[in-house]
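Asks: Dropping in entry_39.cif, with mmCIF, C-alpha atoms and all ligand atoms.
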```
data_upload
#
loop_
_atom_site.label_atom_id
_atom_site.label_comp_id
_atom_site.auth_asym_id
_atom_site.auth_seq_id
_atom_site.Cartn_x
_atom_site.Cartn_y
_atom_site.Cartn_z
CA MET B 19 12.67 -113.71 237.94
CA ASP B 20 9.78 -114.08 235.48
CA TYR B 21 7.73 -110.99 234.71
CA THR B 22 4.57 -110.55 232.63
CA ASN B 23 4.78 -106.87 231.67
CA ILE B 24 8.49 -106.17 231.66
CA LEU B 25 11.80 -107.76 230.66
CA SER B 26 14.95 -107.61 232.75
CA ASP B 27 18.26 -108.57 231.12
CA PHE B 28 21.75 -108.54 232.59
CA LYS B 29 24.82 -108.18 230.37
CA ASP B 30 28.27 -106.61 230.82
CA GLU B 31 27.44 -105.21 234.29
CA ILE B 32 24.29 -103.47 232.98
CA THR B 33 20.73 -104.48 233.83
CA THR B 34 18.33 -103.31 231.13
CA ILE B 35 14.70 -103.16 232.19
CA THR B 36 12.24 -102.95 229.29
CA ILE B 37 8.56 -102.16 229.72
CA ASN B 38 6.93 -104.69 227.44
CA ARG B 39 3.30 -103.83 226.67
CA PRO B 40 3.78 -102.47 223.14
CA SER B 41 0.11 -102.97 222.15
CA LYS B 42 -0.78 -100.47 224.91
CA LEU B 43 2.21 -98.26 224.12
CA ASN B 44 3.77 -99.59 227.36
CA ALA B 45 1.18 -97.79 229.53
CA LEU B 46 1.86 -98.27 233.24
CA ASN B 47 -0.86 -100.33 234.91
CA SER B 48 -0.50 -101.29 238.55
CA ALA B 49 0.86 -104.75 237.74
CA THR B 50 3.62 -103.14 235.65
CA ILE B 51 4.45 -100.66 238.41
CA ASN B 52 4.77 -103.54 240.90
CA GLU B 53 6.97 -105.55 238.55
CA LEU B 54 9.15 -102.50 237.87
CA HIS B 55 9.62 -102.01 241.61
CA ASP B 56 10.71 -105.63 242.01
CA ALA B 57 13.07 -105.47 239.02
CA PHE B 58 14.71 -102.22 240.17
CA GLU B 59 15.06 -103.56 243.69
CA ALA B 60 16.64 -106.81 242.45
CA ALA B 61 19.06 -104.96 240.14
CA ASN B 62 20.04 -102.56 242.92
CA GLU B 63 20.78 -105.46 245.27
CA ASP B 64 22.80 -107.29 242.63
CA HIS B 65 26.44 -106.36 243.27
CA ASN B 66 27.30 -107.14 239.62
CA THR B 67 24.89 -104.52 238.24
CA LYS B 68 26.75 -101.23 237.92
CA VAL B 69 24.16 -99.33 235.84
CA ILE B 70 20.45 -99.80 235.15
CA ILE B 71 18.90 -98.76 231.83
CA ILE B 72 15.13 -98.33 231.61
CA THR B 73 13.49 -98.31 228.18
CA GLY B 74 10.29 -99.30 226.35
CA SER B 75 9.74 -102.12 223.88
CA GLY B 76 8.87 -101.43 220.25
CA GLU B 77 9.73 -98.42 218.13
CA LYS B 78 6.87 -96.15 219.08
CA ALA B 79 6.76 -95.59 222.82
CA PHE B 80 8.88 -95.43 225.92
CA VAL B 81 5.68 -95.24 228.02
CA ALA B 82 2.48 -93.44 226.89
CA GLY B 83 1.44 -92.76 230.47
CA ALA B 84 -0.32 -94.31 233.41
CA ASP B 85 -2.97 -96.77 232.22
CA ILE B 86 -6.02 -94.52 231.87
CA SER B 87 -8.40 -97.51 231.72
CA GLU B 88 -7.40 -98.47 235.28
CA PHE B 89 -8.21 -95.21 237.06
CA ALA B 90 -11.01 -93.70 234.96
CA ASP B 91 -13.68 -94.46 237.62
CA PHE B 92 -11.57 -93.90 240.75
CA SER B 93 -12.93 -91.85 243.68
CA GLN B 94 -11.09 -88.90 245.22
CA ALA B 95 -9.57 -91.13 247.93
CA GLU B 96 -8.53 -93.78 245.41
CA GLY B 97 -6.91 -91.08 243.26
CA GLY B 98 -4.84 -89.87 246.21
CA ASP B 99 -3.78 -93.40 247.05
CA LEU B 100 -2.81 -94.06 243.43
CA ALA B 101 -0.35 -91.15 243.44
CA ALA B 102 1.00 -91.86 246.93
CA GLU B 103 1.57 -95.56 246.32
CA GLY B 104 3.07 -95.03 242.86
CA GLN B 105 5.47 -92.36 244.09
CA GLU B 106 6.68 -94.51 246.97
CA LEU B 107 6.85 -97.80 245.11
CA LEU B 108 8.44 -96.64 241.88
CA PHE B 109 9.17 -93.00 241.16
CA ASP B 110 10.85 -91.90 244.42
CA PHE B 111 12.29 -95.39 244.73
CA ILE B 112 14.13 -95.02 241.40
CA ALA B 113 15.17 -91.41 242.04
CA ASN B 114 16.83 -92.44 245.32
CA LEU B 115 18.35 -95.70 244.13
CA GLY B 116 22.09 -96.04 244.83
CA THR B 117 22.70 -97.62 241.42
CA PRO B 118 22.73 -95.16 238.50
CA VAL B 119 19.56 -95.30 236.40
CA ILE B 120 19.55 -93.97 232.81
CA ALA B 121 16.28 -93.63 230.87
CA ALA B 122 16.60 -94.46 227.17
CA VAL B 123 13.53 -92.65 225.83
CA ASN B 124 12.69 -94.44 222.58
CA GLY B 125 9.40 -92.79 221.58
CA PHE B 126 6.37 -91.29 223.36
CA ALA B 127 7.10 -90.45 227.02
CA LEU B 128 3.83 -88.97 228.21
CA GLY B 129 2.33 -88.46 231.63
CA GLY B 130 3.55 -91.25 233.91
CA GLY B 131 6.01 -92.17 231.14
CA LEU B 132 7.77 -88.82 231.28
CA GLU B 133 7.54 -88.94 235.07
CA LEU B 134 9.29 -92.32 234.98
CA ALA B 135 12.01 -90.92 232.69
CA MET B 136 12.39 -87.91 235.01
CA ALA B 137 12.71 -90.16 238.07
CA ALA B 138 15.77 -91.76 236.39
CA HIS B 139 19.09 -90.05 237.16
CA PHE B 140 19.36 -88.73 233.58
CA ARG B 141 17.85 -89.25 230.16
CA VAL B 142 18.89 -89.90 226.55
CA ALA B 143 16.25 -89.74 223.79
CA SER B 144 15.97 -91.04 220.26
CA ASN B 145 15.03 -88.46 217.64
CA ASN B 146 11.48 -89.85 217.27
CA ALA B 147 10.72 -89.22 220.97
CA LYS B 148 7.87 -86.98 222.03
CA MET B 149 7.54 -85.85 225.63
CA GLY B 150 4.83 -84.16 227.64
CA LEU B 151 2.59 -84.16 230.70
CA PRO B 152 -0.91 -84.12 229.16
CA GLU B 153 -2.81 -84.88 232.39
CA VAL B 154 -4.81 -81.62 232.48
CA SER B 155 -6.39 -82.70 229.18
CA LEU B 156 -7.88 -85.58 231.20
CA GLY B 157 -9.01 -83.35 234.06
CA VAL B 158 -6.22 -84.38 236.41
CA ILE B 159 -2.63 -83.26 237.16
CA PRO B 160 0.64 -85.20 237.05
CA GLY B 161 0.67 -87.35 240.19
CA TYR B 162 3.91 -89.29 239.98
CA GLY B 163 6.22 -86.37 240.77
CA GLY B 164 5.82 -84.50 237.46
CA THR B 165 4.85 -81.13 238.94
CA GLN B 166 8.09 -81.19 240.94
CA ARG B 167 10.66 -82.87 238.71
CA LEU B 168 9.72 -81.07 235.45
CA PRO B 169 10.38 -77.57 236.87
CA GLN B 170 13.60 -78.85 238.48
CA LEU B 171 14.82 -80.01 235.08
CA VAL B 172 13.51 -77.36 232.66
CA GLY B 173 12.67 -74.34 234.87
CA LYS B 174 9.35 -73.19 236.28
CA GLY B 175 8.06 -71.18 233.31
CA ARG B 176 8.66 -73.92 230.75
CA ALA B 177 7.11 -76.51 233.09
CA MET B 178 4.06 -74.31 233.68
CA GLU B 179 3.56 -73.91 229.91
CA LEU B 180 4.09 -77.58 229.11
CA ILE B 181 1.72 -78.74 231.85
CA MET B 182 -0.98 -76.10 231.20
CA THR B 183 -1.02 -76.65 227.43
CA ALA B 184 -0.85 -80.47 227.81
CA GLY B 185 1.56 -80.14 224.88
CA MET B 186 4.29 -82.40 223.59
CA ILE B 187 7.86 -81.41 222.78
CA ASP B 188 10.14 -83.27 220.40
CA ALA B 189 13.61 -84.59 221.21
CA SER B 190 15.47 -81.52 219.93
CA LYS B 191 13.40 -79.18 222.12
CA ALA B 192 13.83 -81.55 225.07
CA LEU B 193 17.60 -81.31 224.50
CA LEU B 194 17.40 -77.52 224.37
CA TYR B 195 15.38 -77.51 227.61
CA GLY B 196 17.84 -79.82 229.39
CA LEU B 197 15.16 -82.46 229.84
CA VAL B 198 17.37 -84.99 228.04
CA ASN B 199 21.17 -84.97 227.92
CA HIS B 200 21.65 -86.38 224.40
CA VAL B 201 19.64 -87.24 221.28
CA THR B 202 20.51 -90.16 218.98
CA THR B 203 18.85 -92.14 216.24
CA LEU B 204 16.57 -94.94 217.41
CA GLU B 205 19.15 -97.55 216.29
CA GLU B 206 21.96 -95.84 218.18
CA LEU B 207 19.99 -95.18 221.38
CA ILE B 208 20.85 -98.29 223.42
CA PRO B 209 24.48 -98.60 222.20
CA PHE B 210 24.98 -94.90 223.01
CA VAL B 211 23.51 -95.29 226.51
CA GLU B 212 25.64 -98.41 227.03
CA LYS B 213 28.71 -96.35 226.12
CA ILE B 214 27.85 -93.80 228.82
CA ALA B 215 27.22 -96.70 231.23
CA SER B 216 30.69 -98.09 230.52
CA LYS B 217 32.23 -94.73 231.48
CA ILE B 218 30.25 -94.71 234.73
CA MET B 219 31.41 -98.26 235.52
CA ARG B 220 35.08 -97.28 235.62
CA ASN B 221 34.38 -95.26 238.76
CA SER B 222 33.67 -96.19 242.36
CA PRO B 223 30.09 -97.49 242.82
CA VAL B 224 30.20 -96.42 246.48
CA ALA B 225 31.22 -92.87 245.58
CA ILE B 226 28.60 -92.71 242.81
CA SER B 227 25.91 -93.78 245.26
CA ALA B 228 27.10 -91.12 247.74
CA ALA B 229 26.99 -88.48 244.97
CA ILE B 230 23.39 -89.44 244.12
CA THR B 231 22.42 -89.04 247.79
CA ALA B 232 24.11 -85.63 248.05
CA ILE B 233 22.69 -84.31 244.77
CA ASN B 234 19.16 -85.49 245.63
CA ALA B 235 19.32 -83.94 249.10
CA GLY B 236 19.39 -80.46 247.56
CA TYR B 237 15.96 -81.12 246.05
CA GLN B 238 14.34 -82.62 249.15
CA ASP B 239 12.31 -80.67 251.68
CA GLY B 240 13.90 -80.54 255.11
CA LYS B 241 17.33 -81.61 253.84
CA ASN B 242 20.38 -79.44 253.34
CA GLY B 243 22.36 -80.50 250.29
CA TYR B 244 25.62 -78.92 251.48
CA GLU B 245 25.38 -80.67 254.85
CA MET B 246 24.56 -83.98 253.16
CA GLU B 247 27.59 -83.49 250.89
CA ILE B 248 29.84 -83.10 253.96
CA VAL B 249 28.40 -86.27 255.54
CA GLU B 250 28.72 -88.34 252.33
CA PHE B 251 32.19 -86.93 251.58
CA GLY B 252 33.39 -87.97 255.03
CA LYS B 253 31.88 -91.44 254.69
CA CYS B 254 33.83 -92.04 251.48
CA PHE B 255 37.09 -91.90 253.47
CA GLY B 256 36.06 -95.05 255.31
CA THR B 257 35.55 -97.11 252.16
CA GLU B 258 37.78 -99.63 250.40
CA ASP B 259 36.97 -97.86 247.12
CA PHE B 260 38.60 -94.66 248.41
CA LYS B 261 41.76 -96.53 249.44
CA GLU B 262 41.89 -98.26 246.06
CA GLY B 263 41.17 -95.09 244.04
CA THR B 264 43.79 -92.96 245.77
CA GLN B 265 46.44 -95.74 245.86
CA ALA B 266 45.89 -96.50 242.17
CA PHE B 267 46.35 -92.83 241.30
CA LEU B 268 49.55 -92.53 243.36
CA ASN B 269 50.92 -95.77 241.89
CA LYS B 270 50.00 -94.70 238.34
CA ARG B 271 47.76 -97.69 237.69
CA LYS B 272 44.09 -98.18 236.86
CA ALA B 273 41.82 -98.52 239.90
CA VAL B 274 39.90 -101.75 240.38
CA PHE B 275 37.11 -100.78 242.73
CA PRO B 276 35.76 -103.49 245.05
CA GLY B 277 32.51 -101.54 245.42
CA ARG B 278 32.71 -101.39 249.20
N1 LIG H 301 -3.44 -95.73 229.00
C1 LIG H 301 -4.08 -96.80 228.52
N2 LIG H 301 -3.99 -97.19 227.23
C2 LIG H 301 -3.21 -96.46 226.41
C3 LIG H 301 -2.51 -95.33 226.85
C4 LIG H 301 -2.64 -94.96 228.22
N3 LIG H 301 -2.00 -93.92 228.75
N4 LIG H 301 -1.85 -94.79 225.81
C5 LIG H 301 -2.11 -95.58 224.75
N5 LIG H 301 -2.94 -96.58 225.10
C6 LIG H 301 -3.49 -97.65 224.26
C7 LIG H 301 -4.62 -97.15 223.39
O1 LIG H 301 -5.83 -97.14 224.10
C8 LIG H 301 -4.60 -98.18 222.28
O2 LIG H 301 -5.18 -99.36 222.75
P1 LIG H 301 -6.25 -100.16 221.83
O3 LIG H 301 -5.48 -100.54 220.58
O4 LIG H 301 -6.63 -101.34 222.67
O5 LIG H 301 -7.36 -99.20 221.54
C9 LIG H 301 -3.10 -98.46 222.10
O6 LIG H 301 -2.49 -98.06 223.33
C10 LIG H 301 -2.47 -97.68 220.98
O7 LIG H 301 -2.71 -96.29 221.19
P2 LIG H 301 -3.36 -95.33 220.08
O8 LIG H 301 -3.98 -94.17 220.80
O9 LIG H 301 -4.24 -96.11 219.16
O10 LIG H 301 -2.06 -94.86 219.30
P3 LIG H 301 -1.88 -93.52 218.46
O11 LIG H 301 -0.60 -93.67 217.71
O12 LIG H 301 -3.11 -93.18 217.70
O13 LIG H 301 -1.67 -92.36 219.56
C11 LIG H 301 -0.78 -91.40 221.60
C12 LIG H 301 -0.55 -92.35 220.40
C13 LIG H 301 0.39 -91.56 222.56
C14 LIG H 301 -0.84 -89.94 221.11
C15 LIG H 301 -2.12 -91.76 222.29
O14 LIG H 301 -2.13 -93.16 222.57
C16 LIG H 301 -2.38 -91.05 223.60
O15 LIG H 301 -2.71 -89.86 223.60
N6 LIG H 301 -2.24 -91.75 224.74
C17 LIG H 301 -2.57 -91.23 226.04
C18 LIG H 301 -1.49 -90.27 226.49
C19 LIG H 301 -1.83 -89.68 227.83
O16 LIG H 301 -2.75 -88.92 228.01
N7 LIG H 301 -1.03 -90.05 228.83
C20 LIG H 301 -1.16 -89.55 230.16
C21 LIG H 301 -1.91 -90.50 230.99
S1 LIG H 301 -1.96 -89.93 232.66
#
```
Represent the structure contained in this file as structure tokens.

Replies:
Amino acid sequence: MDYTNILSDFKDEITTITINRPSKLNALNSATINELHDAFEAANEDHNTKVIIITGSGEKAFVAGADISEFADFSQAEGGDLAAEGQELLFDFIANLGTPVIAAVNGFALGGGLELAMAAHFRVASNNAKMGLPEVSLGVIPGYGGTQRLPQLVGKGRAMELIMTAGMIDASKALLYGLVNHVTTLEELIPFVEKIASKIMRNSPVAISAAITAINAGYQDGKNGYEMEIVEFGKCFGTEDFKEGTQAFLNKRKAVFPGR
């Protein structure tokens, strides 16, 4: 599919989605959010895609936030709709995707940019990355899940401080906080993430998807993570991947998972 604001490339069972508005530091306007939804949906439906990497083009920014020029004169109702639609279309959509999503944070990840990285299943940053939720400096709060996902990842006190000060933390502090799992040089970022992706790919896609569902359930209102784990665990026993994985182990050979 042809996109205007993003690139989507498939290679070696990985779909890499790149936000491609470097002159605007990859800020998320509504057209970009719509294209990202379509690209994530297409990659998730593509049986050959085992891992999705999301990153930003250029050497300066992952995403410098939601596009401020688009919402500066919004009314109260329009503001509410902006957050609701964005969460449904992109941020919750990514968080609940069955295909693993890794954010390769290659520079500024601010506001909606950090929220996008936090919606991914985990994050790796380059050492030039700077992260923060500066929305209160604009008279607004994070609206794409940031007030929920930041405390989940770094703890309530750190999230309160980061959001209230509208501050930015560098990659080493983000590593210390557990906001990112690894820090690399900018040159090594994508190869490093691809290496993690190749480890993920050796395993059952069906079981990975079930694990995502169970892990996420623990963070969702009205859901019981332990009960969801039991349901997903049981379901695995009815899959071809489970038969293949257990037979391969017993026969001392490498499993070749059909992904069903
Ligand atoms: N929305 C819209 N445009 C943005 C943007 C955003 N969130 N972030 C950057 N841009 C645009 C700038 O307006 C500028 O466009 P222009 O060249 O047409 O004037 C271009 O991207 C480059 O940004 P600039 O500010 O000149 O780069 P810088 O290196 O001086 O500063 C930042 C980098 C990230 C510190 C700064 O761009 C910034 O503070 N951005 C907004 C961050 C923010 O508040 N995000 C949360 C939004 S909810």

Asks: Would you compute the distance between CA of Glu103 in chain B and CA of Asp56 in chain B? Give it in Å to one decimal.

Replies: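 Interatomic distance, CA of Glu103 in chain B to CA of Asp56 in chain B: 14.3 Å.
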
Asks: Name all residues at most 6 Å from Ala232 in chain B (count all atoms listed in the file; drop same-chain ones fewer than 2 positions away) and give them as a PDB file with C-alpha atoms, keeping the file's coordinate frame.

Replies:
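Result file result_9.pdb:
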```pdb
ATOM      1  CA  ALA B 229      26.990 -88.480 244.970  1.00  0.00           C
ATOM      2  CA  ILE B 230      23.390 -89.440 244.120  1.00  0.00           C
ATOM      3  CA  ASN B 234      19.160 -85.490 245.630  1.00  0.00           C
ATOM      4  CA  ALA B 235      19.320 -83.940 249.100  1.00  0.00           C
ATOM      5  CA  GLY B 243      22.360 -80.500 250.290  1.00  0.00           C
ATOM      6  CA  MET B 246      24.560 -83.980 253.160  1.00  0.00           C
ATOM      7  CA  GLU B 247      27.590 -83.490 250.890  1.00  0.00           C
TER       8      GLU B 247
END
```

Asks: For CA of Ile214 in chain B and CA of Glu53 in chain B, determine how far apart the two atoms are, in Å to one decimal place.

Replies: 25.9 Å

Asks: Quote the spacing between CA of Lys191 in chain B and CA of Val158 in chain B in Å to one decimal place.

Replies: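 Here the two named atoms are 24.8 Å from each other.
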
Asks: Pull the closest atom pair for each residue of chain B that gets at most 10 Å from ligand LIG 301 (chain H), along with the distance in Å to one decimal, counting only C-alpha atoms and all ligand atoms, ordering rows by chain and then ascending residue number, as JSON lines.

Replies:
```
{"residue": "B:Arg39", "atom": "CA", "partner": "H:LIG301", "partner_atom": "O6", "distance": 8.8}
{"residue": "B:Pro40", "atom": "CA", "partner": "H:LIG301", "partner_atom": "O6", "distance": 7.7}
{"residue": "B:Ser41", "atom": "CA", "partner": "H:LIG301", "partner_atom": "C9", "distance": 5.5}
{"residue": "B:Lys42", "atom": "CA", "partner": "H:LIG301", "partner_atom": "O6", "distance": 3.4}
{"residue": "B:Leu43", "atom": "CA", "partner": "H:LIG301", "partner_atom": "O6", "distance": 4.8}
{"residue": "B:Asn44", "atom": "CA", "partner": "H:LIG301", "partner_atom": "N4", "distance": 7.6}
{"residue": "B:Ala45", "atom": "CA", "partner": "H:LIG301", "partner_atom": "C4", "distance": 4.9}
{"residue": "B:Leu46", "atom": "CA", "partner": "H:LIG301", "partner_atom": "N1", "distance": 7.2}
{"residue": "B:Asn47", "atom": "CA", "partner": "H:LIG301", "partner_atom": "N1", "distance": 7.9}
{"residue": "B:Lys78", "atom": "CA", "partner": "H:LIG301", "partner_atom": "O11", "distance": 8.0}
{"residue": "B:Ala79", "atom": "CA", "partner": "H:LIG301", "partner_atom": "C13", "distance": 7.5}
{"residue": "B:Phe80", "atom": "CA", "partner": "H:LIG301", "partner_atom": "C13", "distance": 9.9}
{"residue": "B:Val81", "atom": "CA", "partner": "H:LIG301", "partner_atom": "N3", "distance": 7.8}
{"residue": "B:Ala82", "atom": "CA", "partner": "H:LIG301", "partner_atom": "N4", "distance": 4.7}
{"residue": "B:Gly83", "atom": "CA", "partner": "H:LIG301", "partner_atom": "N7", "distance": 4.0}
{"residue": "B:Ala84", "atom": "CA", "partner": "H:LIG301", "partner_atom": "S1", "distance": 4.7}
{"residue": "B:Asp85", "atom": "CA", "partner": "H:LIG301", "partner_atom": "N1", "distance": 3.4}
{"residue": "B:Ile86", "atom": "CA", "partner": "H:LIG301", "partner_atom": "N1", "distance": 4.0}
{"residue": "B:Ser87", "atom": "CA", "partner": "H:LIG301", "partner_atom": "C1", "distance": 5.4}
{"residue": "B:Glu88", "atom": "CA", "partner": "H:LIG301", "partner_atom": "C1", "distance": 7.7}
{"residue": "B:Phe89", "atom": "CA", "partner": "H:LIG301", "partner_atom": "S1", "distance": 9.3}
{"residue": "B:Ala90", "atom": "CA", "partner": "H:LIG301", "partner_atom": "N1", "distance": 9.8}
{"residue": "B:Gly125", "atom": "CA", "partner": "H:LIG301", "partner_atom": "C13", "distance": 9.1}
{"residue": "B:Phe126", "atom": "CA", "partner": "H:LIG301", "partner_atom": "C13", "distance": 6.0}
{"residue": "B:Ala127", "atom": "CA", "partner": "H:LIG301", "partner_atom": "C13", "distance": 8.1}
{"residue": "B:Leu128", "atom": "CA", "partner": "H:LIG301", "partner_atom": "N7", "distance": 5.0}
{"residue": "B:Gly129", "atom": "CA", "partner": "H:LIG301", "partner_atom": "C20", "distance": 3.9}
{"residue": "B:Gly130", "atom": "CA", "partner": "H:LIG301", "partner_atom": "S1", "distance": 5.8}
{"residue": "B:Gly131", "atom": "CA", "partner": "H:LIG301", "partner_atom": "C20", "distance": 7.7}
{"residue": "B:Leu132", "atom": "CA", "partner": "H:LIG301", "partner_atom": "C20", "distance": 9.0}
{"residue": "B:Glu133", "atom": "CA", "partner": "H:LIG301", "partner_atom": "S1", "distance": 9.9}
{"residue": "B:Lys148", "atom": "CA", "partner": "H:LIG301", "partner_atom": "C13", "distance": 8.8}
{"residue": "B:Met149", "atom": "CA", "partner": "H:LIG301", "partner_atom": "C13", "distance": 9.7}
{"residue": "B:Gly150", "atom": "CA", "partner": "H:LIG301", "partner_atom": "N7", "distance": 8.4}
{"residue": "B:Leu151", "atom": "CA", "partner": "H:LIG301", "partner_atom": "C20", "distance": 6.6}
{"residue": "B:Pro152", "atom": "CA", "partner": "H:LIG301", "partner_atom": "O16", "distance": 5.3}
{"residue": "B:Glu153", "atom": "CA", "partner": "H:LIG301", "partner_atom": "S1", "distance": 5.1}
{"residue": "B:Val154", "atom": "CA", "partner": "H:LIG301", "partner_atom": "S1", "distance": 8.8}
{"residue": "B:Ser155", "atom": "CA", "partner": "H:LIG301", "partner_atom": "O16", "distance": 7.3}
{"residue": "B:Leu156", "atom": "CA", "partner": "H:LIG301", "partner_atom": "O16", "distance": 6.9}
{"residue": "B:Gly157", "atom": "CA", "partner": "H:LIG301", "partner_atom": "S1", "distance": 9.7}
{"residue": "B:Val158", "atom": "CA", "partner": "H:LIG301", "partner_atom": "S1", "distance": 7.9}
{"residue": "B:Ile159", "atom": "CA", "partner": "H:LIG301", "partner_atom": "S1", "distance": 8.1}
{"residue": "B:Pro160", "atom": "CA", "partner": "H:LIG301", "partner_atom": "S1", "distance": 7.0}
{"residue": "B:Gly161", "atom": "CA", "partner": "H:LIG301", "partner_atom": "S1", "distance": 8.4}
{"residue": "B:Tyr162", "atom": "CA", "partner": "H:LIG301", "partner_atom": "S1", "distance": 9.4}
{"residue": "B:Ala184", "atom": "CA", "partner": "H:LIG301", "partner_atom": "O16", "distance": 8.7}
{"residue": "B:Met186", "atom": "CA", "partner": "H:LIG301", "partner_atom": "C14", "distance": 9.5}
```

Asks: Would you put the residues from that selection into a file with C-alpha atoms, as a PDB file, keeping the file's coordinate frame?

Replies:
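part-v4.pdb written:
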```
ATOM      1  CA  ARG B  39       3.300-103.830 226.670  1.00  0.00           C
ATOM      2  CA  PRO B  40       3.780-102.470 223.140  1.00  0.00           C
ATOM      3  CA  SER B  41       0.110-102.970 222.150  1.00  0.00           C
ATOM      4  CA  LYS B  42      -0.780-100.470 224.910  1.00  0.00           C
ATOM      5  CA  LEU B  43       2.210 -98.260 224.120  1.00  0.00           C
ATOM      6  CA  ASN B  44       3.770 -99.590 227.360  1.00  0.00           C
ATOM      7  CA  ALA B  45       1.180 -97.790 229.530  1.00  0.00           C
ATOM      8  CA  LEU B  46       1.860 -98.270 233.240  1.00  0.00           C
ATOM      9  CA  ASN B  47      -0.860-100.330 234.910  1.00  0.00           C
ATOM     10  CA  LYS B  78       6.870 -96.150 219.080  1.00  0.00           C
ATOM     11  CA  ALA B  79       6.760 -95.590 222.820  1.00  0.00           C
ATOM     12  CA  PHE B  80       8.880 -95.430 225.920  1.00  0.00           C
ATOM     13  CA  VAL B  81       5.680 -95.240 228.020  1.00  0.00           C
ATOM     14  CA  ALA B  82       2.480 -93.440 226.890  1.00  0.00           C
ATOM     15  CA  GLY B  83       1.440 -92.760 230.470  1.00  0.00           C
ATOM     16  CA  ALA B  84      -0.320 -94.310 233.410  1.00  0.00           C
ATOM     17  CA  ASP B  85      -2.970 -96.770 232.220  1.00  0.00           C
ATOM     18  CA  ILE B  86      -6.020 -94.520 231.870  1.00  0.00           C
ATOM     19  CA  SER B  87      -8.400 -97.510 231.720  1.00  0.00           C
ATOM     20  CA  GLU B  88      -7.400 -98.470 235.280  1.00  0.00           C
ATOM     21  CA  PHE B  89      -8.210 -95.210 237.060  1.00  0.00           C
ATOM     22  CA  ALA B  90     -11.010 -93.700 234.960  1.00  0.00           C
ATOM     23  CA  GLY B 125       9.400 -92.790 221.580  1.00  0.00           C
ATOM     24  CA  PHE B 126       6.370 -91.290 223.360  1.00  0.00           C
ATOM     25  CA  ALA B 127       7.100 -90.450 227.020  1.00  0.00           C
ATOM     26  CA  LEU B 128       3.830 -88.970 228.210  1.00  0.00           C
ATOM     27  CA  GLY B 129       2.330 -88.460 231.630  1.00  0.00           C
ATOM     28  CA  GLY B 130       3.550 -91.250 233.910  1.00  0.00           C
ATOM     29  CA  GLY B 131       6.010 -92.170 231.140  1.00  0.00           C
ATOM     30  CA  LEU B 132       7.770 -88.820 231.280  1.00  0.00           C
ATOM     31  CA  GLU B 133       7.540 -88.940 235.070  1.00  0.00           C
ATOM     32  CA  LYS B 148       7.870 -86.980 222.030  1.00  0.00           C
ATOM     33  CA  MET B 149       7.540 -85.850 225.630  1.00  0.00           C
ATOM     34  CA  GLY B 150       4.830 -84.160 227.640  1.00  0.00           C
ATOM     35  CA  LEU B 151       2.590 -84.160 230.700  1.00  0.00           C
ATOM     36  CA  PRO B 152      -0.910 -84.120 229.160  1.00  0.00           C
ATOM     37  CA  GLU B 153      -2.810 -84.880 232.390  1.00  0.00           C
ATOM     38  CA  VAL B 154      -4.810 -81.620 232.480  1.00  0.00           C
ATOM     39  CA  SER B 155      -6.390 -82.700 229.180  1.00  0.00           C
ATOM     40  CA  LEU B 156      -7.880 -85.580 231.200  1.00  0.00           C
ATOM     41  CA  GLY B 157      -9.010 -83.350 234.060  1.00  0.00           C
ATOM     42  CA  VAL B 158      -6.220 -84.380 236.410  1.00  0.00           C
ATOM     43  CA  ILE B 159      -2.630 -83.260 237.160  1.00  0.00           C
ATOM     44  CA  PRO B 160       0.640 -85.200 237.050  1.00  0.00           C
ATOM     45  CA  GLY B 161       0.670 -87.350 240.190  1.00  0.00           C
ATOM     46  CA  TYR B 162       3.910 -89.290 239.980  1.00  0.00           C
ATOM     47  CA  ALA B 184      -0.850 -80.470 227.810  1.00  0.00           C
ATOM     48  CA  MET B 186       4.290 -82.400 223.590  1.00  0.00           C
TER      49      MET B 186
END
```

Asks: Leaving out range 163-178 of chain B and any residue of its chain fewer than 6 positions from it, which residues lie within 7 Å of it when counting only C-alpha atoms, given as a list in words?

Replies: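 Near range 163-178 of chain B, the qualifying residues are Gln105, Glu133, Met136, Tyr195, Gly196 and Leu197 of chain B.
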
Asks: Using all atoms listed in the file, collect all residues at a distance of at most 12 Å from (26.3, -108.6, 241.5) as written in the file, then present them as a list of chain:residue names.

Replies: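 Nearby residues: B:Phe28, B:Lys29, B:Asp30, B:Glu31, B:Ile32, B:Thr33, B:Ala60, B:Ala61, B:Asn62, B:Glu63, B:Asp64, B:His65, B:Asn66, B:Thr67, B:Lys68, B:Val69, B:Thr117, B:Pro223, B:Pro276, B:Gly277.
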